[in-house]
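Worksheet: the structure to be examined is printed underneath.
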Amino acid sequence: MKIIYHCYGGTHSSVLAAAIHTGRLDTTKIPSTAEFFSLPFFDTRSSSDIGIIVQYGSLQNNIPVFILGRKGYCTAPSKIFNWLAEIFGVKEKYIIIDTTPTLNWQMKLGGYLSRRLGLIRLGRPFIIWGARRAFKDIVNLVLATQRRLLL
Amino acid sequence: MKLIYIHRTPLAAIAALSKTKNSISLLEPYIYRREHFLKAGNDAEGNEVYALWLNTDMLLTRRLIMSYCELHNISDDTYIVKDVRPGNFRTKLIAFLFYLGLPRIALALLKLCANRNLADPLPGLTGID
């Protein structure tokens with residue numbers, strides 16, 4: 001079993017979801033700015049990392065958690081992975097979760113400014129504002145994934 | 001060895017089927033699909049040939065395939081991903097017709113080309129590693 005969180009650039013909402021799932025972030029309180037930026041890969045990956053899966057950590061039962069950026073093609077990872085499982089005869093199951101429904105306009109704007117335009121100092125305050133606002137939604141998404149794991 | 005032809009349109013399947021010398025009619029049940037994968041058969045060297053088409057950035061598709069293989073410890077030596085590139089006007093027109101959602105016309109044009117030049121119906125269609 002593998003868990004893959006994916007979003008547009010694989011550097012904001014998917015990183016937060018993976019960090020929550022692997023226990024790097026406390027779900028009971030909204031993280032501080034320093035806590036957000038101490039997370040590996042948070043607002044650091046560039047367009048050259050799109051499509052590259054990175055392991056973020058593992059759960060206690062050794063289930064690895066990955067992050068992935070896939071531009072605006074939300075359904076591409078699950079479709080391609082299903083076809084490849086058939087081509088290569090891979091039986092292993094994985095849960096692929098799109099984290100973009102949790103995004104808000106602040107995160108989108110901040111991400112665009114910071115990652116696309118390279119205006120990091122301008123984009124980051126928006127990212128933090130958005131990440132704080134979206135934090136509960138991301139926690140709920142992770143809880144839903146954890147419930148799926150139990151099934 | 002597995003050869004995987006990728007494109008944004010069913011042109012991937014046409015390239016794969018021409019590699020295996022199988023009839024293009026195998027594609028007919030799937031031509032209306034904007035995204036699909038097809039096992040085209042085996043080529044002359046015994047490689048398994050597949051086609052995968054999906055309306056996404058082709059670089060993303062390639063990277064996702066490579067990431068998936070890395071994730072499952074599938075060796076680079078066991079597969080080759082080939083980007084299908086229409087090389088001449090004829091194949092570019094066929095790809096464009098598929099892209100517009102006119103697969104019947106694209107297929108009719110392809111068959112017309114095949115009837116006129118049986119030896120190599122799509123000389124402009126190349127797979128790039």
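Letters for chains follow the order of the structure tokens (A, B, ...), residue numbers begin at 1 for each chain, and ligand numbers begin at 1 in the order shown.
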
How close does each residue of chain A get to chain B, giving the shortest atom pair and distance in Å to one decimal for every residue with an atom at most 6 Å away, counting only C-alpha atoms, sorted by chain and residue number, as JSON lines?
{"residue": "A:Gly51", "atom": "CA", "partner": "B:Arg63", "partner_atom": "CA", "distance": 5.1}
{"residue": "A:Ile52", "atom": "CA", "partner": "B:Ser67", "partner_atom": "CA", "distance": 5.8}
{"residue": "A:Ile53", "atom": "CA", "partner": "B:Ser67", "partner_atom": "CA", "distance": 5.8}

- Message: as a list in words, please: the residues near region 22-26 of chain B (cut-off 10 Å, only C-alpha atoms, same-chain neighbours under 2 positions excluded).
- Response: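 The contact residues come out as Ala13, Ile14, Ala15, Ala16, Leu17, Ser18, Lys19, Thr20, Glu28, Pro29, Tyr30, Ile31, Leu38, Lys39, Ala40, Gly41, Asn42, Asp43, Leu107, Leu110, Lys111 and Ala114 of chain B.
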
Using the selection just defined, write its residues with N, CA and C atoms as a PDB file, in the first residue's frame.
ATOM      1  N   ALA B  13      -1.822   5.109 -30.454  1.00  0.00           N
ATOM      2  CA  ALA B  13      -2.234   3.744 -30.811  1.00  0.00           C
ATOM      3  C   ALA B  13      -1.891   3.439 -32.264  1.00  0.00           C
ATOM      4  N   ILE B  14      -2.022   4.446 -33.128  1.00  0.00           N
ATOM      5  CA  ILE B  14      -1.706   4.235 -34.547  1.00  0.00           C
ATOM      6  C   ILE B  14      -0.207   3.928 -34.696  1.00  0.00           C
ATOM      7  N   ALA B  15       0.610   4.665 -33.973  1.00  0.00           N
ATOM      8  CA  ALA B  15       2.059   4.415 -34.011  1.00  0.00           C
ATOM      9  C   ALA B  15       2.380   3.020 -33.479  1.00  0.00           C
ATOM     10  N   ALA B  16       1.710   2.645 -32.372  1.00  0.00           N
ATOM     11  CA  ALA B  16       1.958   1.331 -31.771  1.00  0.00           C
ATOM     12  C   ALA B  16       1.496   0.216 -32.699  1.00  0.00           C
ATOM     13  N   LEU B  17       0.328   0.395 -33.305  1.00  0.00           N
ATOM     14  CA  LEU B  17      -0.198  -0.638 -34.201  1.00  0.00           C
ATOM     15  C   LEU B  17       0.650  -0.765 -35.473  1.00  0.00           C
ATOM     16  N   SER B  18       1.192   0.357 -35.936  1.00  0.00           N
ATOM     17  CA  SER B  18       2.041   0.260 -37.128  1.00  0.00           C
ATOM     18  C   SER B  18       3.363  -0.427 -36.785  1.00  0.00           C
ATOM     19  N   LYS B  19       3.810  -0.276 -35.547  1.00  0.00           N
ATOM     20  CA  LYS B  19       5.034  -0.952 -35.092  1.00  0.00           C
ATOM     21  C   LYS B  19       4.842  -2.469 -35.044  1.00  0.00           C
ATOM     22  N   THR B  20       3.633  -2.880 -34.616  1.00  0.00           N
ATOM     23  CA  THR B  20       3.367  -4.323 -34.494  1.00  0.00           C
ATOM     24  C   THR B  20       2.783  -4.908 -35.772  1.00  0.00           C
ATOM     25  N   GLU B  28     -10.518   0.941 -33.627  1.00  0.00           N
ATOM     26  CA  GLU B  28     -11.865   1.484 -33.855  1.00  0.00           C
ATOM     27  C   GLU B  28     -12.787   1.505 -32.626  1.00  0.00           C
ATOM     28  N   PRO B  29     -12.793   0.462 -31.794  1.00  0.00           N
ATOM     29  CA  PRO B  29     -13.683   0.544 -30.612  1.00  0.00           C
ATOM     30  C   PRO B  29     -13.325   1.674 -29.643  1.00  0.00           C
ATOM     31  N   TYR B  30     -12.112   2.178 -29.762  1.00  0.00           N
ATOM     32  CA  TYR B  30     -11.652   3.160 -28.761  1.00  0.00           C
ATOM     33  C   TYR B  30     -11.435   4.563 -29.325  1.00  0.00           C
ATOM     34  N   ILE B  31     -11.735   4.775 -30.595  1.00  0.00           N
ATOM     35  CA  ILE B  31     -11.339   6.062 -31.189  1.00  0.00           C
ATOM     36  C   ILE B  31     -12.052   7.267 -30.579  1.00  0.00           C
ATOM     37  N   LEU B  38      -3.906   0.869 -24.802  1.00  0.00           N
ATOM     38  CA  LEU B  38      -4.165  -0.251 -25.699  1.00  0.00           C
ATOM     39  C   LEU B  38      -2.927  -1.129 -25.801  1.00  0.00           C
ATOM     40  N   LYS B  39      -3.126  -2.423 -25.723  1.00  0.00           N
ATOM     41  CA  LYS B  39      -2.005  -3.329 -25.981  1.00  0.00           C
ATOM     42  C   LYS B  39      -2.035  -3.632 -27.471  1.00  0.00           C
ATOM     43  N   ALA B  40      -1.005  -3.195 -28.161  1.00  0.00           N
ATOM     44  CA  ALA B  40      -1.000  -3.306 -29.623  1.00  0.00           C
ATOM     45  C   ALA B  40      -0.450  -4.648 -30.094  1.00  0.00           C
ATOM     46  N   GLY B  41       0.144  -5.409 -29.206  1.00  0.00           N
ATOM     47  CA  GLY B  41       0.718  -6.703 -29.582  1.00  0.00           C
ATOM     48  C   GLY B  41       2.226  -6.698 -29.458  1.00  0.00           C
ATOM     49  N   ASN B  42       2.853  -7.613 -30.180  1.00  0.00           N
ATOM     50  CA  ASN B  42       4.319  -7.723 -30.136  1.00  0.00           C
ATOM     51  C   ASN B  42       4.924  -7.307 -31.479  1.00  0.00           C
ATOM     52  N   ASP B  43       6.071  -6.645 -31.407  1.00  0.00           N
ATOM     53  CA  ASP B  43       6.732  -6.237 -32.654  1.00  0.00           C
ATOM     54  C   ASP B  43       7.645  -7.366 -33.154  1.00  0.00           C
ATOM     55  N   LEU B 107      -9.602   8.776 -38.984  1.00  0.00           N
ATOM     56  CA  LEU B 107      -9.398   7.375 -39.345  1.00  0.00           C
ATOM     57  C   LEU B 107      -9.617   7.151 -40.845  1.00  0.00           C
ATOM     58  N   LEU B 110      -6.638   8.342 -42.568  1.00  0.00           N
ATOM     59  CA  LEU B 110      -5.553   7.387 -42.338  1.00  0.00           C
ATOM     60  C   LEU B 110      -5.670   6.185 -43.274  1.00  0.00           C
ATOM     61  N   LYS B 111      -6.917   5.698 -43.435  1.00  0.00           N
ATOM     62  CA  LYS B 111      -7.147   4.538 -44.306  1.00  0.00           C
ATOM     63  C   LYS B 111      -6.870   4.908 -45.762  1.00  0.00           C
ATOM     64  N   ALA B 114      -3.280   4.842 -46.208  1.00  0.00           N
ATOM     65  CA  ALA B 114      -2.815   3.454 -46.218  1.00  0.00           C
ATOM     66  C   ALA B 114      -3.075   2.808 -47.576  1.00  0.00           C
TER      67      ALA B 114
END

- Query: Could you pull out the alpha helix (DSSP H) residues of chain B from DSSP and send them as a VMD selection string?
  - Reply: chain B and resid 11 to 20 58 to 71 89 to 99 103 to 116

Got time to write the residues from that selection, N, CA and C atoms, as a compact mmCIF listing (two decimals), in the first residue's frame?
# COMPACT_ATOMS: atom_id res chain seq x y z
N LEU B 11 -3.32 8.90 -31.81
CA LEU B 11 -2.15 8.74 -32.68
C LEU B 11 -1.12 7.80 -32.03
N ALA B 12 -1.10 7.79 -30.71
CA ALA B 12 -0.22 6.86 -29.98
C ALA B 12 -0.52 5.43 -30.38
N ALA B 13 -1.82 5.11 -30.45
CA ALA B 13 -2.23 3.74 -30.81
C ALA B 13 -1.89 3.44 -32.26
N ILE B 14 -2.02 4.45 -33.13
CA ILE B 14 -1.71 4.23 -34.55
C ILE B 14 -0.21 3.93 -34.70
N ALA B 15 0.61 4.66 -33.97
CA ALA B 15 2.06 4.42 -34.01
C ALA B 15 2.38 3.02 -33.48
N ALA B 16 1.71 2.65 -32.37
CA ALA B 16 1.96 1.33 -31.77
C ALA B 16 1.50 0.22 -32.70
N LEU B 17 0.33 0.39 -33.31
CA LEU B 17 -0.20 -0.64 -34.20
C LEU B 17 0.65 -0.77 -35.47
N SER B 18 1.19 0.36 -35.94
CA SER B 18 2.04 0.26 -37.13
C SER B 18 3.36 -0.43 -36.79
N LYS B 19 3.81 -0.28 -35.55
CA LYS B 19 5.03 -0.95 -35.09
C LYS B 19 4.84 -2.47 -35.04
N THR B 20 3.63 -2.88 -34.62
CA THR B 20 3.37 -4.32 -34.49
C THR B 20 2.78 -4.91 -35.77
N MET B 58 2.67 16.08 -22.46
CA MET B 58 3.35 14.79 -22.69
C MET B 58 4.55 14.58 -21.78
N LEU B 59 5.18 15.68 -21.40
CA LEU B 59 6.31 15.57 -20.47
C LEU B 59 5.83 15.05 -19.11
N LEU B 60 4.64 15.53 -18.71
CA LEU B 60 4.06 15.06 -17.45
C LEU B 60 3.77 13.56 -17.53
N THR B 61 3.18 13.14 -18.65
CA THR B 61 2.87 11.71 -18.84
C THR B 61 4.15 10.88 -18.74
N ARG B 62 5.18 11.33 -19.44
CA ARG B 62 6.47 10.62 -19.42
C ARG B 62 7.03 10.54 -18.00
N ARG B 63 6.99 11.67 -17.31
CA ARG B 63 7.55 11.68 -15.95
C ARG B 63 6.73 10.81 -15.00
N LEU B 64 5.40 10.81 -15.18
CA LEU B 64 4.57 9.98 -14.31
C LEU B 64 4.87 8.50 -14.55
N ILE B 65 5.08 8.13 -15.80
CA ILE B 65 5.42 6.73 -16.11
C ILE B 65 6.75 6.37 -15.43
N MET B 66 7.73 7.27 -15.58
CA MET B 66 9.05 6.99 -15.01
C MET B 66 9.00 6.97 -13.48
N SER B 67 8.21 7.88 -12.90
CA SER B 67 8.07 7.91 -11.44
C SER B 67 7.42 6.63 -10.94
N TYR B 68 6.39 6.20 -11.67
CA TYR B 68 5.68 4.98 -11.27
C TYR B 68 6.64 3.79 -11.28
N CYS B 69 7.43 3.70 -12.34
CA CYS B 69 8.36 2.57 -12.47
C CYS B 69 9.41 2.61 -11.36
N GLU B 70 9.86 3.82 -11.03
CA GLU B 70 10.83 3.97 -9.95
C GLU B 70 10.22 3.54 -8.62
N LEU B 71 8.96 3.93 -8.45
CA LEU B 71 8.23 3.61 -7.22
C LEU B 71 8.10 2.10 -7.00
N PHE B 89 2.98 16.72 -42.85
CA PHE B 89 1.68 17.39 -42.85
C PHE B 89 0.53 16.41 -42.65
N ARG B 90 0.64 15.25 -43.31
CA ARG B 90 -0.43 14.25 -43.26
C ARG B 90 -0.71 13.81 -41.81
N THR B 91 0.35 13.45 -41.11
CA THR B 91 0.17 12.96 -39.73
C THR B 91 -0.21 14.09 -38.78
N LYS B 92 0.28 15.29 -39.09
CA LYS B 92 -0.11 16.44 -38.26
C LYS B 92 -1.60 16.71 -38.41
N LEU B 93 -2.10 16.56 -39.62
CA LEU B 93 -3.53 16.77 -39.88
C LEU B 93 -4.37 15.71 -39.17
N ILE B 94 -3.90 14.47 -39.22
CA ILE B 94 -4.62 13.38 -38.55
C ILE B 94 -4.66 13.63 -37.04
N ALA B 95 -3.51 14.03 -36.49
CA ALA B 95 -3.45 14.32 -35.04
C ALA B 95 -4.39 15.47 -34.69
N PHE B 96 -4.42 16.47 -35.55
CA PHE B 96 -5.27 17.64 -35.28
C PHE B 96 -6.75 17.25 -35.33
N LEU B 97 -7.11 16.37 -36.27
CA LEU B 97 -8.51 15.92 -36.36
C LEU B 97 -8.91 15.14 -35.11
N PHE B 98 -7.98 14.31 -34.63
CA PHE B 98 -8.25 13.59 -33.37
C PHE B 98 -8.42 14.59 -32.23
N TYR B 99 -7.54 15.57 -32.24
CA TYR B 99 -7.57 16.58 -31.17
C TYR B 99 -8.88 17.36 -31.18
N PRO B 103 -12.61 11.82 -34.76
CA PRO B 103 -11.81 10.62 -34.99
C PRO B 103 -12.21 9.86 -36.24
N ARG B 104 -13.51 9.89 -36.60
CA ARG B 104 -13.96 9.16 -37.79
C ARG B 104 -13.27 9.71 -39.04
N ILE B 105 -13.22 11.04 -39.12
CA ILE B 105 -12.58 11.67 -40.29
C ILE B 105 -11.08 11.36 -40.27
N ALA B 106 -10.49 11.42 -39.06
CA ALA B 106 -9.05 11.13 -38.92
C ALA B 106 -8.75 9.71 -39.39
N LEU B 107 -9.60 8.78 -38.98
CA LEU B 107 -9.40 7.38 -39.35
C LEU B 107 -9.62 7.15 -40.84
N ALA B 108 -10.61 7.83 -41.40
CA ALA B 108 -10.88 7.71 -42.84
C ALA B 108 -9.68 8.23 -43.63
N LEU B 109 -9.12 9.33 -43.19
CA LEU B 109 -7.95 9.90 -43.85
C LEU B 109 -6.75 8.95 -43.75
N LEU B 110 -6.64 8.34 -42.57
CA LEU B 110 -5.55 7.39 -42.34
C LEU B 110 -5.67 6.18 -43.27
N LYS B 111 -6.92 5.70 -43.43
CA LYS B 111 -7.15 4.54 -44.31
C LYS B 111 -6.87 4.91 -45.76
N LEU B 112 -7.23 6.13 -46.11
CA LEU B 112 -6.98 6.61 -47.47
C LEU B 112 -5.48 6.64 -47.74
N CYS B 113 -4.74 7.11 -46.75
CA CYS B 113 -3.27 7.16 -46.86
C CYS B 113 -2.72 5.74 -47.00
N ALA B 114 -3.28 4.84 -46.21
CA ALA B 114 -2.81 3.45 -46.22
C ALA B 114 -3.08 2.81 -47.58
N ASN B 115 -4.22 3.12 -48.18
CA ASN B 115 -4.55 2.54 -49.49
C ASN B 115 -3.63 3.06 -50.59
N ARG B 116 -3.22 4.31 -50.44
CA ARG B 116 -2.38 4.91 -51.48
C ARG B 116 -0.91 4.51 -51.34

- Task: For CA of Trp83 (chain A) and CA of Ile4 (chain A), determine how far apart the two atoms are, in Å to one decimal place.
- Result: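 A separation of 16.4 Å between them.
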
- Task: Determine the nearest neighbour of Ala34 (chain A) from the options A:Arg124, A:Lys2, A:Lys79, A:Lys93, counting only C-alpha atoms.
- Result: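 Looking only at the distances to Ala34 (chain A), the closest residue turns out to be A:Arg124.
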
Can you tell me which residues surround Tyr5 (chain A) at a distance of at most 7 Å, considering only C-alpha atoms, apart from same-chain residues fewer than 5 positions away, and format the answer as a PDB file with C-alpha atoms, in the first residue's frame?
ATOM      1  CA  SER A  14       0.039  18.101  -0.910  1.00  0.00           C
ATOM      2  CA  ALA A  18       1.563  14.555   3.758  1.00  0.00           C
ATOM      3  CA  PHE A  66       4.417  10.486  -1.302  1.00  0.00           C
ATOM      4  CA  ILE A  67       3.812  13.915  -2.788  1.00  0.00           C
ATOM      5  CA  LEU A  68       3.383  14.777  -6.438  1.00  0.00           C
ATOM      6  CA  ILE A  96      -4.139   8.676  -4.673  1.00  0.00           C
ATOM      7  CA  ILE A  97      -5.604  11.846  -3.208  1.00  0.00           C
ATOM      8  CA  ASP A  98      -6.107  15.150  -4.968  1.00  0.00           C
ATOM      9  CA  THR A  99      -5.552  17.899  -2.396  1.00  0.00           C
TER      10      THR A  99
END

- Message: Taking only region 8-119 of chain A into account, list the residues labelled strand (DSSP E or B) by DSSP (computed from the backbone), as a list in words.
- Response: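 Across region 8-119 of chain A, those assigned strand (DSSP E or B) are Val54, Gln55, Tyr56, Gly57, Ser58, Pro64, Val65, Phe66, Ile67, Leu68, Gly69, Tyr94, Ile95, Ile96, Ile97 and Asp98 of chain A.
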
- Message: Between A:Ile80, A:Ile63, A:Ile30, A:Ile128, which residue has the minimum interatomic distance to Ser13 (chain A), considering only C-alpha atoms?
- Response: A:Ile128

Close residues, region 138-146 of chain A itself excluded, 12 Å, only C-alpha atoms, min 6 positions apart in chain, as a short mmCIF file (atom, residue, chain, number, x, y, z; two decimals) with N, CA and C atoms, in the first residue's frame:
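Output file part_18.cif follows:
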data_model
loop_
_atom_site.label_atom_id
_atom_site.label_comp_id
_atom_site.auth_asym_id
_atom_site.auth_seq_id
_atom_site.Cartn_x
_atom_site.Cartn_y
_atom_site.Cartn_z
N LYS A 2 0.49 2.19 -0.85
CA LYS A 2 1.20 3.48 -0.90
C LYS A 2 0.17 4.59 -0.92
N ILE A 3 0.53 5.72 -0.33
CA ILE A 3 -0.37 6.88 -0.33
C ILE A 3 0.30 8.01 -1.10
N ILE A 4 -0.41 8.58 -2.06
CA ILE A 4 0.15 9.68 -2.85
C ILE A 4 -0.79 10.88 -2.77
N TYR A 5 -0.27 11.97 -2.24
CA TYR A 5 -1.03 13.23 -2.24
C TYR A 5 -0.53 14.06 -3.42
N HIS A 12 2.58 22.75 -1.93
CA HIS A 12 1.82 23.43 -0.88
C HIS A 12 0.80 22.48 -0.24
N SER A 13 -0.37 22.33 -0.83
CA SER A 13 -1.42 21.55 -0.16
C SER A 13 -1.03 20.07 -0.02
N SER A 14 -0.35 19.52 -1.02
CA SER A 14 0.04 18.10 -0.91
C SER A 14 1.10 17.91 0.18
N VAL A 15 1.98 18.90 0.30
CA VAL A 15 3.02 18.83 1.35
C VAL A 15 2.35 18.91 2.73
N LEU A 16 1.38 19.82 2.86
CA LEU A 16 0.69 19.94 4.15
C LEU A 16 -0.05 18.65 4.50
N ALA A 17 -0.74 18.09 3.51
CA ALA A 17 -1.49 16.84 3.77
C ALA A 17 -0.52 15.72 4.16
N ALA A 18 0.58 15.61 3.44
CA ALA A 18 1.56 14.55 3.76
C ALA A 18 2.19 14.79 5.14
N ALA A 19 2.44 16.07 5.47
CA ALA A 19 3.03 16.38 6.77
C ALA A 19 2.07 16.04 7.91
N ILE A 20 0.80 16.32 7.69
CA ILE A 20 -0.21 15.99 8.71
C ILE A 20 -0.30 14.47 8.84
N HIS A 21 -0.34 13.81 7.70
CA HIS A 21 -0.52 12.35 7.73
C HIS A 21 0.66 11.63 8.38
N THR A 22 1.85 12.16 8.16
CA THR A 22 3.04 11.49 8.74
C THR A 22 3.35 11.99 10.15
N GLY A 23 2.50 12.87 10.66
CA GLY A 23 2.67 13.32 12.04
C GLY A 23 3.65 14.45 12.24
N LEU A 25 2.99 17.55 11.60
CA LEU A 25 2.24 18.72 12.07
C LEU A 25 1.16 18.27 13.06
N ASP A 26 0.99 19.06 14.09
CA ASP A 26 -0.03 18.80 15.09
C ASP A 26 -1.38 19.23 14.50
N THR A 27 -2.34 18.33 14.55
CA THR A 27 -3.64 18.63 13.93
C THR A 27 -4.56 19.45 14.83
N THR A 28 -4.16 19.59 16.11
CA THR A 28 -5.05 20.27 17.05
C THR A 28 -4.89 21.79 17.05
N LYS A 29 -3.79 22.26 16.49
CA LYS A 29 -3.60 23.72 16.42
C LYS A 29 -3.06 24.12 15.05
N ILE A 30 -3.38 25.36 14.69
CA ILE A 30 -2.91 25.85 13.39
C ILE A 30 -1.42 26.17 13.50
N PRO A 31 -0.61 25.64 12.59
CA PRO A 31 0.85 25.83 12.71
C PRO A 31 1.27 27.30 12.54
N LEU A 59 4.24 5.96 7.48
CA LEU A 59 3.36 5.82 8.65
C LEU A 59 3.96 4.77 9.58
N ILE A 63 3.74 2.23 5.85
CA ILE A 63 3.12 2.63 4.59
C ILE A 63 3.75 3.96 4.17
N VAL A 65 4.34 7.55 2.35
CA VAL A 65 3.49 8.66 1.91
C VAL A 65 4.30 9.50 0.92
N TYR A 94 -2.72 1.42 -4.02
CA TYR A 94 -2.33 2.73 -3.50
C TYR A 94 -3.53 3.65 -3.46
N ILE A 95 -3.42 4.61 -2.58
CA ILE A 95 -4.49 5.61 -2.46
C ILE A 95 -3.94 6.91 -3.02
N ILE A 96 -4.60 7.44 -4.03
CA ILE A 96 -4.14 8.68 -4.67
C ILE A 96 -5.15 9.77 -4.35
N ILE A 97 -4.68 10.80 -3.67
CA ILE A 97 -5.60 11.85 -3.21
C ILE A 97 -5.25 13.20 -3.80
N ASP A 98 -6.25 13.80 -4.42
CA ASP A 98 -6.11 15.15 -4.97
C ASP A 98 -6.37 16.15 -3.83
N THR A 99 -5.38 16.96 -3.51
CA THR A 99 -5.55 17.90 -2.40
C THR A 99 -6.03 19.28 -2.85
N THR A 100 -6.18 19.48 -4.16
CA THR A 100 -6.56 20.83 -4.64
C THR A 100 -7.95 21.30 -4.19
N PRO A 101 -8.92 20.41 -3.91
CA PRO A 101 -10.20 20.95 -3.42
C PRO A 101 -10.06 21.75 -2.12
N THR A 102 -8.98 21.56 -1.39
CA THR A 102 -8.80 22.30 -0.13
C THR A 102 -8.17 23.69 -0.36
N LEU A 103 -7.72 23.94 -1.58
CA LEU A 103 -7.06 25.23 -1.84
C LEU A 103 -8.05 26.40 -1.79
N ASN A 104 -7.55 27.54 -1.39
CA ASN A 104 -8.35 28.76 -1.43
C ASN A 104 -7.61 29.78 -2.31
N GLY A 130 -3.34 31.67 3.38
CA GLY A 130 -4.19 30.61 2.80
C GLY A 130 -4.02 29.28 3.51
N ALA A 131 -2.79 28.94 3.83
CA ALA A 131 -2.52 27.65 4.48
C ALA A 131 -3.19 27.58 5.86
N ARG A 132 -3.17 28.69 6.55
CA ARG A 132 -3.83 28.73 7.87
C ARG A 132 -5.34 28.54 7.71
#

- Message: Using only C-alpha atoms for the distances, tell me which of A:Tyr8, A:Ser78, A:Thr44, A:Lys136 is nearest to Ser114 (chain A).
- Response: A:Thr44

- May I have the residues within 6 Å of Thr11 (chain A) as an MDAnalysis selection string, using only C-alpha atoms and disregarding those fewer than 6 positions away in the same chain? chainID A and resid 41:43 45

For N, CA, C and O atoms, I'd like the residues from the last selection saved as an mmCIF file, in the first residue's frame.
data_model
loop_
_atom_site.group_PDB
_atom_site.id
_atom_site.type_symbol
_atom_site.label_atom_id
_atom_site.label_comp_id
_atom_site.auth_asym_id
_atom_site.auth_seq_id
_atom_site.Cartn_x
_atom_site.Cartn_y
_atom_site.Cartn_z
ATOM 1 N N PHE A 41 10.125 20.519 1.493
ATOM 2 C CA PHE A 41 9.462 20.732 0.200
ATOM 3 C C PHE A 41 8.378 21.812 0.216
ATOM 4 O O PHE A 41 7.751 22.056 -0.800
ATOM 5 N N PHE A 42 8.115 22.441 1.373
ATOM 6 C CA PHE A 42 7.047 23.443 1.408
ATOM 7 C C PHE A 42 7.499 24.709 0.685
ATOM 8 O O PHE A 42 8.479 25.346 1.079
ATOM 9 N N ASP A 43 6.797 25.046 -0.381
ATOM 10 C CA ASP A 43 7.088 26.219 -1.211
ATOM 11 C C ASP A 43 8.535 26.241 -1.705
ATOM 12 O O ASP A 43 9.160 27.287 -1.768
ATOM 13 N N ARG A 45 9.534 23.511 -4.257
ATOM 14 C CA ARG A 45 9.664 22.754 -5.514
ATOM 15 C C ARG A 45 9.333 23.646 -6.708
ATOM 16 O O ARG A 45 8.490 24.545 -6.607
#
